[in-house]
$ cat work_32.cif   # mmCIF, C-alpha atoms and all ligand atoms
data_query
loop_
_atom_site.label_atom_id
_atom_site.label_comp_id
_atom_site.auth_asym_id
_atom_site.auth_seq_id
_atom_site.Cartn_x
_atom_site.Cartn_y
_atom_site.Cartn_z
CA MET A 1 0.00 0.00 0.00
CA CYS A 2 0.94 3.65 -0.21
CA SER A 3 0.64 5.25 3.21
CA ILE A 4 0.25 8.99 3.54
CA ALA A 5 0.42 11.36 6.51
CA ASP A 6 -3.21 10.63 7.49
CA VAL A 7 -3.19 7.74 9.97
CA GLU A 8 -6.95 7.12 9.91
CA ALA A 9 -6.95 6.98 6.10
CA ASN A 10 -4.06 4.51 6.21
CA LEU A 11 -5.87 2.35 8.76
CA ALA A 12 -8.95 2.25 6.53
CA ALA A 13 -6.88 1.45 3.42
CA ALA A 14 -4.94 -1.28 5.19
CA HIS A 15 -8.09 -2.81 6.63
CA ALA A 16 -9.71 -2.91 3.19
CA LEU A 17 -6.67 -4.72 1.75
CA VAL A 18 -6.43 -7.20 4.64
CA ALA A 19 -10.17 -7.91 4.40
CA ASP A 20 -9.80 -8.42 0.65
CA ALA A 21 -6.97 -10.91 1.25
CA ALA A 22 -9.09 -12.76 3.83
CA ARG A 23 -12.03 -12.84 1.42
CA GLN A 24 -9.77 -14.43 -1.18
CA GLY A 25 -8.84 -17.17 1.29
CA ALA A 26 -5.63 -15.92 2.87
CA ARG A 27 -4.88 -17.53 6.22
CA LEU A 28 -1.87 -15.36 7.03
CA VAL A 29 -1.54 -11.76 5.86
CA VAL A 30 1.54 -9.50 5.91
CA VAL A 31 1.18 -5.73 5.67
CA PRO A 32 4.02 -3.28 4.93
CA GLU A 33 6.41 -1.52 7.29
CA MET A 34 5.05 1.72 8.80
CA PHE A 35 1.72 1.29 7.04
CA LEU A 36 0.15 3.65 9.61
CA THR A 37 2.38 6.46 8.36
CA LEU A 38 5.90 7.05 7.08
CA ASP A 39 5.82 10.53 8.58
CA GLY A 40 8.36 10.32 11.40
CA SER A 41 6.94 13.35 13.23
CA GLN A 42 3.88 11.20 14.07
CA PHE A 43 5.75 8.18 15.44
CA GLN A 44 5.88 9.33 19.07
CA SER A 45 2.14 10.00 19.26
CA LEU A 46 1.36 6.69 17.53
CA ALA A 47 3.53 4.79 20.00
CA ALA A 48 1.53 6.35 22.84
CA ARG A 49 -1.81 5.10 21.40
CA SER A 50 -2.81 1.90 23.14
CA ASP A 51 -5.84 1.45 20.85
CA LEU A 52 -3.77 0.63 17.77
CA VAL A 53 -2.51 -2.77 18.87
CA SER A 54 -6.02 -3.76 19.97
CA THR A 55 -7.42 -2.58 16.64
CA LEU A 56 -4.99 -4.78 14.75
CA ALA A 57 -5.74 -7.70 17.07
CA ALA A 58 -9.45 -7.22 16.36
CA TRP A 59 -8.84 -7.29 12.60
CA ALA A 60 -7.16 -10.69 12.96
CA GLN A 61 -9.95 -12.08 15.12
CA ASP A 62 -12.82 -10.65 13.07
CA LEU A 63 -11.35 -11.78 9.76
CA GLY A 64 -10.16 -15.14 11.13
CA ILE A 65 -6.59 -14.69 9.87
CA TRP A 66 -3.08 -14.52 11.26
CA LEU A 67 -1.81 -10.97 10.83
CA VAL A 68 1.84 -9.93 10.53
CA ALA A 69 1.18 -6.29 11.29
CA GLY A 70 3.96 -4.67 9.29
CA ALA A 71 5.98 -2.53 11.57
CA ILE A 72 4.57 0.17 13.79
CA PRO A 73 6.31 2.47 16.25
CA LEU A 74 6.09 1.06 19.77
CA PRO A 75 7.81 2.00 23.03
CA SER A 76 11.09 0.25 23.84
CA PRO A 77 10.72 -2.59 26.31
CA ASP A 78 13.66 -1.10 28.24
CA ASP A 79 14.21 2.46 29.46
CA ASP A 80 15.47 3.80 26.11
CA VAL A 81 13.53 6.93 25.16
CA ARG A 82 13.82 5.94 21.53
CA LEU A 83 11.04 3.82 20.06
CA ARG A 84 11.28 0.45 18.39
CA SER A 85 10.11 -0.36 14.88
CA ALA A 86 8.03 -3.37 15.90
CA CYS A 87 6.38 -6.16 13.94
CA CYS A 88 3.58 -7.75 15.97
CA VAL A 89 1.99 -11.04 14.98
CA PHE A 90 -1.63 -11.76 15.93
CA ASN A 91 -3.31 -15.14 15.68
CA ASP A 92 -6.85 -15.70 14.45
CA GLN A 93 -8.15 -15.40 18.01
CA GLY A 94 -6.79 -11.86 18.18
CA GLU A 95 -3.96 -12.76 20.54
CA GLN A 96 -0.54 -11.22 20.07
CA VAL A 97 1.78 -14.21 19.71
CA ALA A 98 5.07 -12.53 18.74
CA ARG A 99 6.84 -9.20 18.47
CA TYR A 100 10.02 -8.57 16.53
CA ASP A 101 11.86 -5.24 16.80
CA LYS A 102 13.82 -4.27 13.67
CA ILE A 103 17.47 -5.05 14.31
CA HIS A 104 19.17 -3.24 11.42
CA LEU A 105 18.27 0.43 11.26
CA PHE A 106 18.34 2.32 7.97
CA ASP A 107 20.92 5.08 8.41
CA VAL A 108 21.76 5.47 4.77
CA ASP A 109 22.16 8.14 2.11
CA VAL A 110 20.60 6.70 -1.04
CA GLY A 111 20.55 10.02 -2.89
CA ASP A 112 16.80 10.08 -3.52
CA ALA A 113 14.17 12.81 -2.99
CA GLN A 114 14.16 12.37 0.78
CA GLY A 115 17.94 12.83 1.11
CA SER A 116 19.39 10.63 3.81
CA TYR A 117 17.54 8.33 6.16
CA GLN A 118 18.42 8.31 9.86
CA GLU A 119 16.19 5.72 11.44
CA SER A 120 18.32 5.60 14.56
CA ASP A 121 17.34 9.21 15.37
CA ARG A 122 13.94 7.89 16.43
CA PHE A 123 14.43 4.16 16.90
CA ALA A 124 16.67 1.91 18.94
CA PRO A 125 17.63 -1.42 17.36
CA GLY A 126 16.01 -4.64 18.44
CA GLU A 127 18.18 -7.46 19.72
CA GLN A 128 16.15 -10.64 19.48
CA VAL A 129 15.77 -12.98 16.53
CA VAL A 130 12.12 -14.11 16.48
CA VAL A 131 10.33 -17.10 14.98
CA VAL A 132 6.76 -18.17 15.62
CA ASP A 133 4.69 -21.21 14.67
CA THR A 134 1.70 -20.43 12.45
CA PRO A 135 -0.85 -22.64 10.67
CA VAL A 136 1.04 -22.19 7.38
CA GLY A 137 4.50 -22.98 8.78
CA ARG A 138 7.15 -21.76 11.14
CA LEU A 139 7.55 -18.05 10.45
CA GLY A 140 10.70 -15.96 10.86
CA LEU A 141 10.36 -12.20 11.21
CA ALA A 142 12.47 -9.53 9.49
CA ILE A 143 11.82 -5.94 8.41
CA CYS A 144 12.97 -4.02 5.31
CA TYR A 145 16.70 -3.14 5.63
CA ASP A 146 17.21 -6.44 7.50
CA LEU A 147 17.01 -7.98 4.03
CA ARG A 148 20.62 -6.95 3.41
CA PHE A 149 21.92 -8.98 6.36
CA ALA A 150 22.16 -12.61 5.31
CA GLU A 151 23.25 -13.67 8.80
CA LEU A 152 19.84 -12.75 10.23
CA PHE A 153 18.13 -14.98 7.68
CA GLN A 154 20.59 -17.77 8.49
CA ARG A 155 19.73 -17.40 12.19
CA LEU A 156 16.00 -17.53 11.37
CA ALA A 157 16.49 -20.70 9.34
CA ASP A 158 18.66 -22.17 12.11
CA GLN A 159 15.69 -21.62 14.41
CA GLY A 160 13.49 -23.58 12.04
CA ALA A 161 11.91 -20.87 9.90
CA GLU A 162 10.12 -22.28 6.87
CA LEU A 163 8.82 -18.92 5.74
CA ILE A 164 10.12 -15.43 6.45
CA SER A 165 7.98 -12.31 6.34
CA LEU A 166 9.46 -8.97 5.33
CA PRO A 167 7.24 -5.92 5.78
CA ALA A 168 9.07 -3.09 4.03
CA ALA A 169 9.12 0.53 2.93
CA PHE A 170 12.03 -0.13 0.58
CA THR A 171 13.03 3.00 -1.29
CA HIS A 172 12.34 3.34 -4.99
CA ARG A 173 15.97 3.89 -5.83
CA THR A 174 17.39 0.95 -3.89
CA GLY A 175 14.41 -1.22 -4.67
CA GLU A 176 14.87 -0.82 -8.40
CA ALA A 177 18.50 -1.87 -8.02
CA HIS A 178 18.37 -4.57 -5.33
CA TRP A 179 14.90 -5.57 -4.04
CA GLN A 180 14.15 -8.68 -6.05
CA SER A 181 17.75 -9.88 -6.26
CA LEU A 182 18.07 -9.78 -2.48
CA LEU A 183 14.68 -11.39 -1.89
CA ARG A 184 15.45 -14.24 -4.26
CA ALA A 185 18.94 -14.68 -2.82
CA ARG A 186 17.60 -14.95 0.74
CA ALA A 187 14.93 -17.44 -0.40
CA ILE A 188 17.47 -19.57 -2.28
CA GLU A 189 20.11 -19.45 0.47
CA GLN A 190 17.75 -20.51 3.24
CA GLN A 191 15.39 -22.53 1.03
CA CYS A 192 12.54 -20.60 2.62
CA PHE A 193 9.38 -18.93 1.39
CA ILE A 194 9.75 -15.14 1.53
CA LEU A 195 6.63 -13.00 2.00
CA ALA A 196 7.64 -9.44 1.11
CA ALA A 197 5.03 -6.70 1.55
CA ASN A 198 6.38 -3.34 0.42
CA GLN A 199 5.04 0.19 0.39
CA CYS A 200 4.61 1.71 -3.07
CA GLY A 201 4.43 5.05 -4.84
CA TRP A 202 4.88 8.61 -3.64
CA HIS A 203 4.14 9.37 -0.01
CA ASP A 204 2.89 12.98 0.15
CA ASP A 205 5.44 13.93 -2.55
CA LYS A 206 8.23 13.44 -0.02
CA ARG A 207 9.39 9.91 -0.35
CA GLN A 208 9.01 7.25 -3.02
CA THR A 209 8.95 3.51 -2.38
CA TRP A 210 9.42 0.68 -4.84
CA GLY A 211 6.34 -1.52 -4.42
CA HIS A 212 6.69 -4.93 -6.11
CA SER A 213 5.38 -6.87 -3.14
CA GLN A 214 5.94 -10.53 -3.82
CA ILE A 215 6.00 -14.07 -2.53
CA ILE A 216 8.98 -16.25 -3.40
CA ASP A 217 9.33 -20.00 -2.96
CA PRO A 218 12.32 -21.96 -1.57
CA TRP A 219 13.65 -22.51 -5.10
CA GLY A 220 13.74 -18.75 -5.69
CA GLN A 221 10.71 -18.67 -7.97
CA VAL A 222 8.51 -15.59 -7.76
CA LEU A 223 5.04 -17.07 -7.14
CA THR A 224 3.22 -13.76 -7.32
CA GLU A 225 4.23 -10.13 -7.69
CA LEU A 226 2.51 -6.76 -7.67
CA GLY A 227 3.79 -3.82 -9.69
CA HIS A 228 4.07 -0.24 -8.49
CA GLU A 229 0.44 -0.20 -7.40
CA SER A 230 -1.13 -1.17 -4.09
CA GLY A 231 -3.03 -4.45 -3.87
CA VAL A 232 -3.07 -8.00 -2.63
CA ALA A 233 -0.63 -10.73 -3.69
CA LEU A 234 -1.63 -14.29 -2.77
CA ALA A 235 0.14 -17.63 -2.97
CA ASP A 236 -0.14 -21.16 -1.64
CA ILE A 237 2.59 -22.19 0.76
CA ASP A 238 3.45 -25.78 -0.11
CA LEU A 239 5.76 -27.08 2.60
CA SER A 240 6.15 -30.44 0.85
CA TRP A 241 7.81 -28.57 -2.06
CA GLN A 242 10.15 -26.95 0.43
CA GLN A 243 11.06 -30.37 1.88
CA GLU A 244 11.73 -31.61 -1.63
CA VAL A 245 14.05 -28.66 -2.37
CA ARG A 246 15.87 -29.17 0.94
CA ARG A 247 16.15 -32.94 0.46
CA ARG A 248 17.56 -32.68 -3.03
CA MET A 249 20.04 -29.93 -2.21
CA PRO A 250 20.83 -30.14 1.52
CA VAL A 251 22.91 -26.97 1.68
CA GLN A 252 22.34 -26.54 5.41
CA GLN A 253 23.87 -29.95 6.07
CA HIS A 254 26.76 -29.08 3.75
CA ARG A 255 27.74 -26.00 5.77
CA ARG A 256 31.32 -26.09 6.97
CA LEU A 257 31.59 -22.61 8.54
CA ASN A 258 29.45 -21.10 11.33
CA LYS A 259 27.45 -24.25 11.92
CA PRO A 260 24.96 -23.68 14.75
O1 LIG B 301 17.83 -1.42 2.18
C1 LIG B 301 17.28 -0.57 1.48
O2 LIG B 301 17.74 -0.23 0.38
C2 LIG B 301 16.01 0.08 1.89
C3 LIG B 301 15.72 -0.08 3.35
C4 LIG B 301 14.64 0.82 3.83
O3 LIG B 301 14.07 1.58 3.09
C5 LIG B 301 14.25 0.74 5.24
O4 LIG B 301 14.76 -0.09 6.00
O5 LIG B 301 13.36 1.54 5.62
#
$ encode --input "work_32.cif" --output "structure tokens" --more "lines below"
Ligand SMILES: O=C(O)CCC(=O)C(=O)O
Amino acid sequence: MCSIADVEANLAAAHALVADAARQGARLVVVPEMFLTLDGSQFQSLAARSDLVSTLAAWAQDLGIWLVAGAIPLPSPDDDVRLRSACCVFNDQGEQVARYDKIHLFDVDVGDAQGSYQESDRFAPGEQVVVVDTPVGRLGLAICYDLRFAELFQRLADQGAELISLPAAFTHRTGEAHWQSLLRARAIEQQCFILAANQCGWHDDKRQTWGHSQIIDPWGQVLTELGHESGVALADIDLSWQQEVRRRMPVQQHRRLNKP
């Protein structure tokens, strides 16, 4: 989706997309990073709103789906005044079953319309690698810039991840150059499904994201892909195909360095 500076409008747009996915039979739905807003000046007030997490939990329960709720700004679990960019997972009963705080923060000058990004001005990095069992497989959690850090994906796979979700607001410039190559590489390396939900388009004329949300299988095949527009991408997660890929090419067993 393409979030703008209006949180209520973004909530309504996200809910419509999630409901559409549920109507089409999705059992687990991933929404993009910072889908409530990409406007950093609103993060502090959003993090103070206790109603948002319960709203997202209610979506999951009402629609009978598991929801990987992108990333939203939440308070740090410790005393740090900076927030965390947090991905909460809700089950179909509306219970929060996991929370992953983005580990790798995007402090990068990509030379696009926004100038440089300094995520660590507002956020502190997470420290925990998180996996959670879901009805469609064991799910590892990562967010956007994390995609560039293969060792996180290796750790997720070492903890049994069969699929890895990646809510993102990947920039247009870096997305055009690297998004799909990195997604496919991570899927092939870990022989995992990758569920990548990206923001798209211009956000209030300030920032442009790449879109191209997609689902990739453990062989690196793109099962479904959106373009630059917002929408819903759906795929079947066939874990027997994953077992077949892993059985035929047991790269994890062939590791000789950094074995867990
Ligand atoms: O890694 C990139 O090129 C984009 C990352 C990004 O936009 C983010 O983490 O918000």
$ axis_aligned_box --input "work_32.cif" --around "stretch 78-84 of chain A" --padding-each-side "4 Å" --output "AutoDock Vina command-line options"
--center_x 13.3 --center_y 2.9 --center_z 23.9 --size_x 12.4 --size_y 16.0 --size_z 19.1
$ closest_residue --input "work_32.cif" --among "A:Ala235, A:Gly175, A:Phe153, A:Gln243" --to "A:Gly25" --atoms "all atoms listed in the file"
A:Ala235
$ residues_near_ligand --input "work_32.cif" --ligand "ligand LIG 301 (chain B)" --cutoff "9 Å" --atoms "only C-alpha atoms and all ligand atoms" --output "number ranges by chain"
A: 33-34, 102, 104-108, 110, 117, 119, 143-148, 168-175, 177-179, 209
$ residues_around --input "work_32.cif" --residues "stretch 74-90 of chain A" --least-positions-apart "3" --cutoff "9 Å" --atoms "all atoms listed in the file" --output "PyMOL selection string"
chain A and resi 33-34+43-44+46-48+53+56-57+60-61+65-71+93-103+105+120-126+132+141-143+167
$ atom_distance --input "work_32.cif" --atom1 "atom CA of A:Lys259" --atom2 "atom CA of A:Phe149"
17.2 Å
$ closest_residue --input "work_32.cif" --among "A:Gly231, A:Pro32, A:Gly40, A:Pro218" --to "A:Glu162" --atoms "only C-alpha atoms"
A:Pro218
$ closest_residue --input "work_32.cif" --among "A:Gln253, A:Leu38, A:Pro260, A:Arg248" --to "A:Leu156" --atoms "all atoms listed in the file"
A:Pro260
$ closest_residue --input "work_32.cif" --among "A:Thr224, A:Gln114, A:Thr134, A:Thr55" --to "A:Asp92" --atoms "only C-alpha atoms"
A:Thr134
$ atom_distance --input "work_32.cif" --atom1 "atom CA of A:Gln208" --atom2 "atom CA of A:Ala113"
7.6 Å
$ closest_residue --input "work_32.cif" --among "A:Ser240, A:Gln221, A:Gln190, A:Ser230" --to "A:Arg255" --atoms "all atoms listed in the file"
A:Gln190
$ atom_distance --input "work_32.cif" --atom1 "atom CA of A:Glu189" --atom2 "atom CA of A:Leu234"
22.6 Å
$ closest_residue --input "work_32.cif" --among "A:Ser181, A:Ser50, A:Gln252, A:Gln199" --to "A:Phe35" --atoms "all atoms listed in the file"
A:Gln199
$ residues_near_point --input "work_32.cif" --point "(6.4, -4.8, -4.8)" --cutoff "8 Å" --atoms "only C-alpha atoms" --output "ChimeraX atom specification"
/A:196-200,210-214,225-229
$ write_last_selection --input "work_32.cif" --atoms "C-alpha atoms" --output "CSV table (one decimal), in the coordinates of the input"
chain,number,residue,atom,x,y,z
A,196,ALA,CA,7.6,-9.4,1.1
A,197,ALA,CA,5.0,-6.7,1.6
A,198,ASN,CA,6.4,-3.3,0.4
A,199,GLN,CA,5.0,0.2,0.4
A,200,CYS,CA,4.6,1.7,-3.1
A,210,TRP,CA,9.4,0.7,-4.8
A,211,GLY,CA,6.3,-1.5,-4.4
A,212,HIS,CA,6.7,-4.9,-6.1
A,213,SER,CA,5.4,-6.9,-3.1
A,214,GLN,CA,5.9,-10.5,-3.8
A,225,GLU,CA,4.2,-10.1,-7.7
A,226,LEU,CA,2.5,-6.8,-7.7
A,227,GLY,CA,3.8,-3.8,-9.7
A,228,HIS,CA,4.1,-0.2,-8.5
A,229,GLU,CA,0.4,-0.2,-7.4
$ residues_near_point --input "work_32.cif" --point "(12.2, -19.4, 13.7)" --cutoff "9 Å" --atoms "all atoms listed in the file" --output "PyMOL selection string"
chain A and resi 129-133+138-141+155-164
$ residues_around --input "work_32.cif" --residues "stretch 2-7 of chain A" --least-positions-apart "2" --cutoff "6 Å" --atoms "only C-alpha atoms" --output "number ranges by chain"
A: 9-10, 35-37, 39, 199-201, 203-204
$ write_last_selection --input "work_32.cif" --atoms "C-alpha atoms" --output "compact mmCIF listing (two decimals), in the frame of the given file"
# COMPACT_ATOMS: atom_id res chain seq x y z
CA ALA A 9 -6.95 6.98 6.10
CA ASN A 10 -4.06 4.51 6.21
CA PHE A 35 1.72 1.29 7.04
CA LEU A 36 0.15 3.65 9.61
CA THR A 37 2.38 6.46 8.36
CA ASP A 39 5.82 10.53 8.58
CA GLN A 199 5.04 0.19 0.39
CA CYS A 200 4.61 1.71 -3.07
CA GLY A 201 4.43 5.05 -4.84
CA HIS A 203 4.14 9.37 -0.01
CA ASP A 204 2.89 12.98 0.15
